[in-house]
Amino acid sequence: MPIKVGDKLPNATFRIMTAEGPKPKTTDDIFKGKKVALFAVPGAFTPTCTNMHMPSFLNNADAFKKKGVDTIAVTGVNDVFVMEAWKKSTGAAGKVEFLADGNADFAKAIDMTLDASGNGLGIRSKRYSMLVDDGVVKKLNIEDAPGKCDLSGGQALLGQI
């Protein structure tokens with residue numbers, strides 16, 4: 001059953017890039033005691049993710065902070081090296097935390113996977129955004145198609161806070 005408002009996020013481990021190389025980061029590390037705007041993309045460097053979804057959060061980063069959001073984070077079923085390259089190419093360093101879910105463990109745990117194998121992309125994450133407060137989902141916006149970024153964009157989530 002997909003995650004819903006009021007649910008606590010399950011325990012999962014992402015990979016992040018550090019100066020020492022890839023390191024694990026758990027859901028507790030990210031969400032415990034914090035208010036986090038999390039958005040998920042089907043794939044780094046894909047057109048909708050790069051041209052619409054990421055900018056919708058980058059352009060609103062200051063507004064999220066003013067509304068008490070501690071962290072803006074993005075996750076996708078990509079490896080940590082791809083996520084790091086995407087971070088650099090989008091200019092999001094210092095504004096958005098990039099959480100690699102290379103094996104789709106988190107996407108599976110919250111039942112937000114997307115089978116994009118018909119397009120040669122394998123299992124991916126659905127496109128969504130959520131506001132998480134101390135590990136509990138407070139707002140959740142799920143797109144009905146991977147190429148859309150209407151419900152899950154930064155402006156939409158910001159308007160719900």
# chains A, B, ... in the order shown; residues from 1 in each chain; ligands from 1
>>> select_by_dssp(residues="segment 17-143 of chain A", states="helix (DSSP H, G or I)", output="VMD selection string")
chain A and resid 27 to 31 47 to 58 61 to 66 80 to 90 105 to 109 117 to 119
>>> closest_atom_pairs(of="segment 9-67 of chain A", to="segment 127-134 of chain A", cutoff="12 Å", atoms="only C-alpha atoms", output="JSON lines")
{"residue": "A:Leu9", "atom": "CA", "partner": "A:Val132", "partner_atom": "CA", "distance": 8.5}
{"residue": "A:Thr27", "atom": "CA", "partner": "A:Asp134", "partner_atom": "CA", "distance": 10.1}
{"residue": "A:Asp28", "atom": "CA", "partner": "A:Asp134", "partner_atom": "CA", "distance": 8.7}
{"residue": "A:Asp29", "atom": "CA", "partner": "A:Asp134", "partner_atom": "CA", "distance": 10.6}
{"residue": "A:Ile30", "atom": "CA", "partner": "A:Asp134", "partner_atom": "CA", "distance": 9.2}
{"residue": "A:Phe31", "atom": "CA", "partner": "A:Asp134", "partner_atom": "CA", "distance": 5.5}
{"residue": "A:Lys32", "atom": "CA", "partner": "A:Asp134", "partner_atom": "CA", "distance": 4.7}
{"residue": "A:Gly33", "atom": "CA", "partner": "A:Asp134", "partner_atom": "CA", "distance": 4.5}
{"residue": "A:Lys34", "atom": "CA", "partner": "A:Asp134", "partner_atom": "CA", "distance": 5.1}
{"residue": "A:Lys35", "atom": "CA", "partner": "A:Asp133", "partner_atom": "CA", "distance": 4.4}
{"residue": "A:Val36", "atom": "CA", "partner": "A:Val132", "partner_atom": "CA", "distance": 5.1}
{"residue": "A:Ala37", "atom": "CA", "partner": "A:Leu131", "partner_atom": "CA", "distance": 4.7}
{"residue": "A:Leu38", "atom": "CA", "partner": "A:Met130", "partner_atom": "CA", "distance": 5.3}
{"residue": "A:Phe39", "atom": "CA", "partner": "A:Ser129", "partner_atom": "CA", "distance": 4.1}
{"residue": "A:Ala40", "atom": "CA", "partner": "A:Arg127", "partner_atom": "CA", "distance": 5.2}
{"residue": "A:Val41", "atom": "CA", "partner": "A:Arg127", "partner_atom": "CA", "distance": 4.9}
{"residue": "A:Pro42", "atom": "CA", "partner": "A:Arg127", "partner_atom": "CA", "distance": 6.0}
{"residue": "A:Gly43", "atom": "CA", "partner": "A:Arg127", "partner_atom": "CA", "distance": 9.3}
{"residue": "A:Ala44", "atom": "CA", "partner": "A:Arg127", "partner_atom": "CA", "distance": 11.6}
{"residue": "A:Thr48", "atom": "CA", "partner": "A:Arg127", "partner_atom": "CA", "distance": 10.0}
{"residue": "A:Cys49", "atom": "CA", "partner": "A:Arg127", "partner_atom": "CA", "distance": 8.8}
{"residue": "A:Met52", "atom": "CA", "partner": "A:Arg127", "partner_atom": "CA", "distance": 11.7}
{"residue": "A:His53", "atom": "CA", "partner": "A:Arg127", "partner_atom": "CA", "distance": 9.0}
{"residue": "A:Met54", "atom": "CA", "partner": "A:Ser129", "partner_atom": "CA", "distance": 11.3}
{"residue": "A:Ser56", "atom": "CA", "partner": "A:Ser129", "partner_atom": "CA", "distance": 11.2}
{"residue": "A:Phe57", "atom": "CA", "partner": "A:Ser129", "partner_atom": "CA", "distance": 10.2}
{"residue": "A:Phe64", "atom": "CA", "partner": "A:Leu131", "partner_atom": "CA", "distance": 10.6}
{"residue": "A:Lys67", "atom": "CA", "partner": "A:Leu131", "partner_atom": "CA", "distance": 11.6}
>>> residues_around(residues="Gly159 of chain A", least_positions_apart="2", cutoff="12 Å", atoms="only C-alpha atoms", output="PyMOL selection string")
chain A and resi 60+63-64+67+131+139+141+151-157+161
>>> residues_around(residues="Ala61 of chain A", least_positions_apart="6", cutoff="10 Å", atoms="only C-alpha atoms", output="list of chain:residue names")
A:Ala37, A:Pro55, A:Val69, A:Thr71, A:Ile72, A:Ala92, A:Lys95, A:Val96, A:Gly154, A:Leu158
>>> closest_residue(among="A:Leu99, A:Ala116, A:Val74, A:Ala93", to="Phe14 of chain A", atoms="only C-alpha atoms")
A:Leu99
>>> atom_distance(atom1="atom CA of Ala12 of chain A", atom2="atom CA of Asp105 of chain A")
6.9 Å
>>> residues_around(residues="segment 107-112 of chain A", least_positions_apart="6", cutoff="7 Å", atoms="only C-alpha atoms", output="PDB file with C-alpha atoms, in the first residue's frame")
ATOM      1  CA  MET A   1       0.000   0.000   0.000  1.00  0.00           C
ATOM      2  CA  PRO A   2       1.451   3.417  -0.949  1.00  0.00           C
ATOM      3  CA  ILE A   3       2.523   5.754   1.804  1.00  0.00           C
ATOM      4  CA  PRO A  10      10.047   3.447   6.975  1.00  0.00           C
ATOM      5  CA  SER A 125      10.458   6.135  -8.556  1.00  0.00           C
ATOM      6  CA  LYS A 126       7.138   7.765  -9.241  1.00  0.00           C
TER       7      LYS A 126
END
>>> residues_around(residues="Asp101 of chain A", least_positions_apart="6", cutoff="7 Å", atoms="only C-alpha atoms", output="list in words")
Phe14, Arg15, Thr75, Gly76, Val77, Asn78 and Asp79 of chain A
>>> closest_residue(among="A:Val137, A:Ala145, A:Met17, A:Ala100", to="Leu114 of chain A", atoms="only C-alpha atoms")
A:Ala145
>>> closest_residue(among="A:Gly135, A:Gly68, A:Pro146, A:Gly94", to="Val5 of chain A", atoms="only C-alpha atoms")
A:Gly135
>>> select_by_dssp(residues="chain A", states="strand (DSSP E or B)", output="number ranges by chain")
A: 8, 13-18, 21-26, 35-41, 71-76, 97-100, 113-115, 123-125, 128-133, 136-142
>>> atom_distance(atom1="atom CA of Asn59 of chain A", atom2="atom CA of Lys4 of chain A")
26.6 Å
>>> closest_residue(among="A:Pro47, A:Pro22, A:Gly6, A:Gly102", to="Gly147 of chain A", atoms="only C-alpha atoms")
A:Pro47
>>> atom_distance(atom1="atom CA of Asp7 of chain A", atom2="atom CA of Phe106 of chain A")
14.3 Å
